[in-house]
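First up is the structure itself, then whatever we jot down about it.
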Amino acid sequence: MSQEHSQKSGFETRAIHAGYDPDPTTGAVIPPIYATSTYKQDGVGGLRGGYEYSRSGNPTRTALEGNLAALEEGDRAFAFASGLAAEDTLLRSLTRPGDHLVIPDDAYGGTFRLIDKVGGPWGLEHSPAAVSDLDAVRAAIRPGKTKLVWIETPTNPLLNIGDIEALAAIAHQAGALLVVDNTFASPYLQQPLTLGADVVVHSTTKYCGGHSDVVGGALVVRGLEVADKVGFHQNAMGAVPGPFDAFLTHRGLKTLAVRMDRHCDNAEKVVDFLVGHPQVAEVIYPGLESHPGHEVASRQMKRYGGIVSFRVTGGEEHALDVCDRTEVFTLGESLGGVESLIEHPGRMTHASVAGTDLEVPPDLIRLSVGIETAEDLVADLERALEPGRG
């Protein structure tokens, strides 16, 4: 599909066609898995399609990157071996020792660990701020030193919402770039680059791949200067996905829209069940009018996503018991797959922030609501929350 045609097409059409045209030799409608490390040159420097070595470029990866760029409406996309590999490459591309970042005060534990434990010794400084508080973000910026304002929206796992357009204006006024981790929303529900963000980060392991069978990450950028820096570091650092990983992620993107609609449908039914349940102290979901970020989420998201967090009445032990009792919800880390997952962030995905300002409540449970029959998911939670079950 031509770039011009792609820009005019709907999301679902772009998800299926953008980034790859049927193979001119065989007519293959799906990008082949180019399981090769190197490429024959037609004379020294005579590259076919620009390919010389698969760290620098691979046709299967190229198709994935073209698709991601089209879905996020960015200038270029770059695929990586994991979401953290993408984040690390971005940090090395756009910051230097002595620079400063603003990060969410409830950031994903792996992001915090990377910035604090890896970036800190390298010379990076950071300040946490609530993404939902524009004044707090503005106050956390150090003029002349802050290079990146890094946000998640919705955040992981407390589902706070940041106003992307307003945060972009704050960052740009201070001479910084706005980076948005769009993993929870996916490109289907939210396109931060169209709202003023400069870089989008994805763990493509999650909704983009969507089947819990591949680990990957991506950066999608606005602006060729940023793209050139990221492209250089992608090649120089080399944390790229193999062709089979790129193939699986690209295949997942083709069904992203239909999966996300089902994730959202099911999440809304789960929320309806949890709200007012006597064993549930609080339900956290941007689709609830009581959620403090509901109005902003309604403005910048297509729907509210498949992640639901809630707090139980009996503290940490109660939360652990509920996680242990579910049968349809699988106890496991990660999210965004077709199967429903349940986890205890304080002991699992966010253990690395224990004892810091980013520590999450011990009675918190996070659900990644899958695409199973909604009534089975509700019944499973009802059994798990039943008092006296052991």
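For the structure tokens, the naming scheme is as follows: chains receive sequential letters (A, B, ...) according to their order of presentation, residues are indexed from 1 within each chain, and ligands are indexed from 1 in presentation order.
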(request) Please provide the set of residues having any atom within 8 Å of A:His211, restricted to only C-alpha atoms, with same-chain residues fewer than 3 positions apart removed, written as number ranges by chain. (result) A: 206-207, 214, 252, 336-339
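Around A:Asp133, within 12 Å and counting only C-alpha atoms, the residues found are Pro104, Asp105, Pro128, Ala129, Ala130, Val131, Asp135, Ala136, Val137, Arg138, Ala139, Ala140, Ile151, Asn160, Ile161, Gly162, Asp163, Ile164, Ala166, Leu167, Ile170, Pro292, Gly293 and Val296 of chain A, once anything fewer than 2 positions away on its own chain is removed.
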(request) Return the single residue from A:Thr205, A:Thr36, A:Thr95, A:Thr313 that is closest to A:Val230, with distances computed using only C-alpha atoms. (result)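 With only C-alpha atoms as the atom set, the closest residue is A:Thr95.
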(request) Give the answer as one residue: which of A:Asp75, A:Gly110, A:Phe11, A:Asp99 has the shortest atom-to-atom distance to A:Leu148, using only C-alpha atoms? (result)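 Among the listed residues, A:Asp99 lies closest to A:Leu148.
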(message) If you run DSSP on the backbone here, which positions in stretch 199-378 of chain A get alpha helix (DSSP H)? Please write them as a PyMOL selection string.
(response) chain A and resi 224-237+243-254+256-274+294-300+315-325+374-378
With C-alpha atoms retained, could you export that selection as a PDB file, in the first residue's frame?
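Listing of again.pdb after writing:
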```
ATOM      1  CA  LEU A 224      13.430  13.276  11.215  1.00  0.00           C
ATOM      2  CA  GLU A 225      16.109  14.622  13.568  1.00  0.00           C
ATOM      3  CA  VAL A 226      14.877  12.363  16.352  1.00  0.00           C
ATOM      4  CA  ALA A 227      14.425   9.518  13.865  1.00  0.00           C
ATOM      5  CA  ASP A 228      18.022   9.789  12.682  1.00  0.00           C
ATOM      6  CA  LYS A 229      19.347   9.645  16.255  1.00  0.00           C
ATOM      7  CA  VAL A 230      17.195   6.659  17.164  1.00  0.00           C
ATOM      8  CA  GLY A 231      18.025   4.870  13.912  1.00  0.00           C
ATOM      9  CA  PHE A 232      21.749   5.283  14.494  1.00  0.00           C
ATOM     10  CA  HIS A 233      21.524   3.932  18.035  1.00  0.00           C
ATOM     11  CA  GLN A 234      19.241   1.064  17.032  1.00  0.00           C
ATOM     12  CA  ASN A 235      21.962  -0.142  14.687  1.00  0.00           C
ATOM     13  CA  ALA A 236      24.878   0.733  16.980  1.00  0.00           C
ATOM     14  CA  MET A 237      23.373  -0.905  20.074  1.00  0.00           C
ATOM     15  CA  PRO A 243      12.681 -12.040  11.870  1.00  0.00           C
ATOM     16  CA  PHE A 244      10.337 -14.580  13.483  1.00  0.00           C
ATOM     17  CA  ASP A 245       9.612 -12.197  16.389  1.00  0.00           C
ATOM     18  CA  ALA A 246       8.951  -9.389  13.894  1.00  0.00           C
ATOM     19  CA  PHE A 247       6.643 -11.690  11.922  1.00  0.00           C
ATOM     20  CA  LEU A 248       4.587 -12.626  14.996  1.00  0.00           C
ATOM     21  CA  THR A 249       4.242  -9.017  16.125  1.00  0.00           C
ATOM     22  CA  HIS A 250       3.193  -7.888  12.649  1.00  0.00           C
ATOM     23  CA  ARG A 251       0.649 -10.693  12.470  1.00  0.00           C
ATOM     24  CA  GLY A 252      -0.784  -9.592  15.795  1.00  0.00           C
ATOM     25  CA  LEU A 253      -1.212  -6.008  14.631  1.00  0.00           C
ATOM     26  CA  LYS A 254      -3.522  -7.126  11.840  1.00  0.00           C
ATOM     27  CA  LEU A 256      -5.501  -5.298  16.886  1.00  0.00           C
ATOM     28  CA  ALA A 257      -8.720  -3.371  16.282  1.00  0.00           C
ATOM     29  CA  VAL A 258     -11.105  -6.304  16.689  1.00  0.00           C
ATOM     30  CA  ARG A 259      -9.215  -7.593  19.720  1.00  0.00           C
ATOM     31  CA  MET A 260      -9.149  -4.215  21.446  1.00  0.00           C
ATOM     32  CA  ASP A 261     -12.883  -3.753  21.003  1.00  0.00           C
ATOM     33  CA  ARG A 262     -13.474  -7.131  22.669  1.00  0.00           C
ATOM     34  CA  HIS A 263     -10.960  -6.360  25.448  1.00  0.00           C
ATOM     35  CA  CYS A 264     -12.855  -3.123  26.135  1.00  0.00           C
ATOM     36  CA  ASP A 265     -16.280  -4.810  25.993  1.00  0.00           C
ATOM     37  CA  ASN A 266     -15.187  -7.408  28.532  1.00  0.00           C
ATOM     38  CA  ALA A 267     -13.408  -4.912  30.781  1.00  0.00           C
ATOM     39  CA  GLU A 268     -16.561  -2.815  31.016  1.00  0.00           C
ATOM     40  CA  LYS A 269     -18.573  -5.870  32.105  1.00  0.00           C
ATOM     41  CA  VAL A 270     -15.950  -6.775  34.702  1.00  0.00           C
ATOM     42  CA  VAL A 271     -16.009  -3.204  36.028  1.00  0.00           C
ATOM     43  CA  ASP A 272     -19.793  -3.282  36.261  1.00  0.00           C
ATOM     44  CA  PHE A 273     -19.508  -6.409  38.410  1.00  0.00           C
ATOM     45  CA  LEU A 274     -16.753  -5.091  40.678  1.00  0.00           C
ATOM     46  CA  HIS A 294     -12.288  10.294  32.889  1.00  0.00           C
ATOM     47  CA  GLU A 295     -12.851  13.549  31.002  1.00  0.00           C
ATOM     48  CA  VAL A 296      -9.307  13.646  29.609  1.00  0.00           C
ATOM     49  CA  ALA A 297      -9.431   9.959  28.693  1.00  0.00           C
ATOM     50  CA  SER A 298     -12.746  10.496  26.915  1.00  0.00           C
ATOM     51  CA  ARG A 299     -11.163  13.256  24.868  1.00  0.00           C
ATOM     52  CA  GLN A 300      -7.960  11.501  23.792  1.00  0.00           C
ATOM     53  CA  GLY A 315      -5.568  -5.805  52.754  1.00  0.00           C
ATOM     54  CA  GLU A 316      -2.594  -7.531  51.175  1.00  0.00           C
ATOM     55  CA  GLU A 317      -3.406 -11.079  52.274  1.00  0.00           C
ATOM     56  CA  HIS A 318      -6.904 -10.732  50.860  1.00  0.00           C
ATOM     57  CA  ALA A 319      -5.464  -9.542  47.555  1.00  0.00           C
ATOM     58  CA  LEU A 320      -3.048 -12.481  47.438  1.00  0.00           C
ATOM     59  CA  ASP A 321      -5.891 -14.901  48.192  1.00  0.00           C
ATOM     60  CA  VAL A 322      -8.013 -13.539  45.338  1.00  0.00           C
ATOM     61  CA  CYS A 323      -5.085 -13.855  42.936  1.00  0.00           C
ATOM     62  CA  ASP A 324      -4.642 -17.466  44.019  1.00  0.00           C
ATOM     63  CA  ARG A 325      -8.317 -18.429  43.654  1.00  0.00           C
ATOM     64  CA  ALA A 374     -17.412 -12.172  29.505  1.00  0.00           C
ATOM     65  CA  GLU A 375     -19.829 -14.105  31.695  1.00  0.00           C
ATOM     66  CA  ASP A 376     -17.105 -16.658  32.475  1.00  0.00           C
ATOM     67  CA  LEU A 377     -14.735 -13.892  33.553  1.00  0.00           C
ATOM     68  CA  VAL A 378     -17.316 -12.351  35.868  1.00  0.00           C
TER      69      VAL A 378
END
```
(message) Calculated over only C-alpha atoms, which of the candidates A:Ala35, A:Val221, A:Leu331, A:Leu288 has the smallest distance to A:Gln191?
(response)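 Selected residue with least distance to A:Gln191: A:Val221.
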(request) Counting only C-alpha atoms, figure out which residue out of A:Ala239, A:Leu367, A:Ile115, A:Val180 gets nearest to A:His202. (result) A:Val180
(request) Write out as a list of chain:residue names all residues of stretch 154-251 of chain A that DSSP puts in strand (DSSP E or B) for this structure's backbone. (result) A:Leu177, A:Leu178, A:Val179, A:Val180, A:Asp181, A:Val199, A:Val200, A:Val201, A:His202, A:Gly217, A:Ala218, A:Leu219, A:Val220, A:Val221
Could you take the residues named above and write them with N, CA and C atoms, as a PDB file, in the first residue's frame?
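File written: result.pdb
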```pdb
ATOM      1  N   LEU A 177      11.444  17.120  25.166  1.00  0.00           N
ATOM      2  CA  LEU A 177      10.581  16.305  24.323  1.00  0.00           C
ATOM      3  C   LEU A 177       9.611  15.525  25.204  1.00  0.00           C
ATOM      4  N   LEU A 178       8.427  15.245  24.659  1.00  0.00           N
ATOM      5  CA  LEU A 178       7.449  14.434  25.381  1.00  0.00           C
ATOM      6  C   LEU A 178       7.481  13.013  24.837  1.00  0.00           C
ATOM      7  N   VAL A 179       7.750  12.062  25.738  1.00  0.00           N
ATOM      8  CA  VAL A 179       7.745  10.636  25.422  1.00  0.00           C
ATOM      9  C   VAL A 179       6.511  10.024  26.064  1.00  0.00           C
ATOM     10  N   VAL A 180       5.722   9.282  25.292  1.00  0.00           N
ATOM     11  CA  VAL A 180       4.502   8.663  25.814  1.00  0.00           C
ATOM     12  C   VAL A 180       4.587   7.150  25.654  1.00  0.00           C
ATOM     13  N   ASP A 181       4.538   6.443  26.773  1.00  0.00           N
ATOM     14  CA  ASP A 181       4.400   4.993  26.738  1.00  0.00           C
ATOM     15  C   ASP A 181       2.929   4.699  26.465  1.00  0.00           C
ATOM     16  N   VAL A 199       7.712  11.171  20.833  1.00  0.00           N
ATOM     17  CA  VAL A 199       8.082   9.756  20.736  1.00  0.00           C
ATOM     18  C   VAL A 199       7.019   8.919  21.436  1.00  0.00           C
ATOM     19  N   VAL A 200       6.661   7.813  20.805  1.00  0.00           N
ATOM     20  CA  VAL A 200       5.779   6.824  21.425  1.00  0.00           C
ATOM     21  C   VAL A 200       6.595   5.567  21.699  1.00  0.00           C
ATOM     22  N   VAL A 201       6.413   5.009  22.899  1.00  0.00           N
ATOM     23  CA  VAL A 201       7.068   3.767  23.301  1.00  0.00           C
ATOM     24  C   VAL A 201       6.014   2.678  23.406  1.00  0.00           C
ATOM     25  N   HIS A 202       6.363   1.486  22.941  1.00  0.00           N
ATOM     26  CA  HIS A 202       5.494   0.323  23.122  1.00  0.00           C
ATOM     27  C   HIS A 202       6.287  -0.872  23.610  1.00  0.00           C
ATOM     28  N   GLY A 217       9.534  -4.707  21.461  1.00  0.00           N
ATOM     29  CA  GLY A 217       9.314  -3.308  21.795  1.00  0.00           C
ATOM     30  C   GLY A 217       9.392  -2.455  20.549  1.00  0.00           C
ATOM     31  N   ALA A 218       8.984  -1.213  20.668  1.00  0.00           N
ATOM     32  CA  ALA A 218       9.026  -0.313  19.519  1.00  0.00           C
ATOM     33  C   ALA A 218       9.093   1.131  19.975  1.00  0.00           C
ATOM     34  N   LEU A 219       9.699   1.953  19.127  1.00  0.00           N
ATOM     35  CA  LEU A 219       9.652   3.407  19.233  1.00  0.00           C
ATOM     36  C   LEU A 219       9.075   3.933  17.931  1.00  0.00           C
ATOM     37  N   VAL A 220       8.133   4.865  18.047  1.00  0.00           N
ATOM     38  CA  VAL A 220       7.604   5.557  16.870  1.00  0.00           C
ATOM     39  C   VAL A 220       7.832   7.042  17.105  1.00  0.00           C
ATOM     40  N   VAL A 221       8.411   7.718  16.113  1.00  0.00           N
ATOM     41  CA  VAL A 221       8.864   9.084  16.351  1.00  0.00           C
ATOM     42  C   VAL A 221       8.259  10.063  15.357  1.00  0.00           C
TER      43      VAL A 221
END
```
(message) I'd like the interatomic distance between atom CA of A:Leu335 and atom CA of A:Glu165, to a tenth of an Å.
(response)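 Value for the atom CA of A:Leu335-atom CA of A:Glu165 distance: 26.5 Å.
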(request) Can you pull out every residue within 8 Å of stretch 341-356 of chain A, counting only C-alpha atoms, but drop anything in the same chain fewer than 2 positions away, and send it as a list in words? (result)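 Residues meeting the cut-off are Tyr108, Gly109, Gly110, Phe112, Arg113, Pro157, Ala319, Leu320, Cys323, Phe329, Thr330, Leu331, Gly332, Glu333, Ser334, Leu335, Glu339, Leu358, Glu359, Val360, Pro361, Pro362, Leu364, Ile365, Arg366, Leu367, Ser368, Val369 and Gly370 of chain A.
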Limited to C-alpha atoms, could you put the picked residues into a file as a PDB file, in the first residue's frame?
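Okay, selection-v1.pdb is ready:
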```
ATOM      1  CA  TYR A 108       6.008   0.736  35.372  1.00  0.00           C
ATOM      2  CA  GLY A 109       8.555  -0.912  37.659  1.00  0.00           C
ATOM      3  CA  GLY A 110      10.829  -1.958  34.807  1.00  0.00           C
ATOM      4  CA  PHE A 112      11.800   2.943  36.892  1.00  0.00           C
ATOM      5  CA  ARG A 113      14.511   0.309  37.389  1.00  0.00           C
ATOM      6  CA  PRO A 157      -0.915  -0.125  37.348  1.00  0.00           C
ATOM      7  CA  ALA A 319      -5.464  -9.542  47.555  1.00  0.00           C
ATOM      8  CA  LEU A 320      -3.048 -12.481  47.438  1.00  0.00           C
ATOM      9  CA  CYS A 323      -5.085 -13.855  42.936  1.00  0.00           C
ATOM     10  CA  PHE A 329      -7.858 -15.512  35.045  1.00  0.00           C
ATOM     11  CA  THR A 330      -4.317 -16.904  34.981  1.00  0.00           C
ATOM     12  CA  LEU A 331      -1.925 -15.697  37.673  1.00  0.00           C
ATOM     13  CA  GLY A 332       0.949 -14.220  35.683  1.00  0.00           C
ATOM     14  CA  GLU A 333       2.860 -11.114  34.759  1.00  0.00           C
ATOM     15  CA  SER A 334       2.476  -9.202  31.488  1.00  0.00           C
ATOM     16  CA  LEU A 335      -0.807  -8.145  29.919  1.00  0.00           C
ATOM     17  CA  GLU A 339      -6.143 -14.684  27.712  1.00  0.00           C
ATOM     18  CA  LEU A 358       6.538   4.868  43.457  1.00  0.00           C
ATOM     19  CA  GLU A 359       5.434   1.992  45.719  1.00  0.00           C
ATOM     20  CA  VAL A 360       1.946   0.702  44.851  1.00  0.00           C
ATOM     21  CA  PRO A 361      -0.770  -0.168  47.410  1.00  0.00           C
ATOM     22  CA  PRO A 362      -0.378  -3.687  48.855  1.00  0.00           C
ATOM     23  CA  LEU A 364      -4.084  -3.681  44.740  1.00  0.00           C
ATOM     24  CA  ILE A 365      -4.928  -6.280  42.084  1.00  0.00           C
ATOM     25  CA  ARG A 366      -4.423  -5.699  38.360  1.00  0.00           C
ATOM     26  CA  LEU A 367      -6.474  -7.500  35.738  1.00  0.00           C
ATOM     27  CA  SER A 368      -5.622  -7.807  32.083  1.00  0.00           C
ATOM     28  CA  VAL A 369      -9.071  -8.642  30.765  1.00  0.00           C
ATOM     29  CA  GLY A 370      -8.860 -10.982  27.790  1.00  0.00           C
TER      30      GLY A 370
END
```
(request) Give the answer as one residue: which of A:Leu193, A:Val240, A:Asp357, A:Asp213 has the shortest atom-to-atom distance to A:Gly74, using only C-alpha atoms? (result)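 Smallest separation from A:Gly74 among the options: A:Leu193.
Counting from atom CA of A:Tyr39, the distance to atom CA of A:Leu71 is 29.3 Å.
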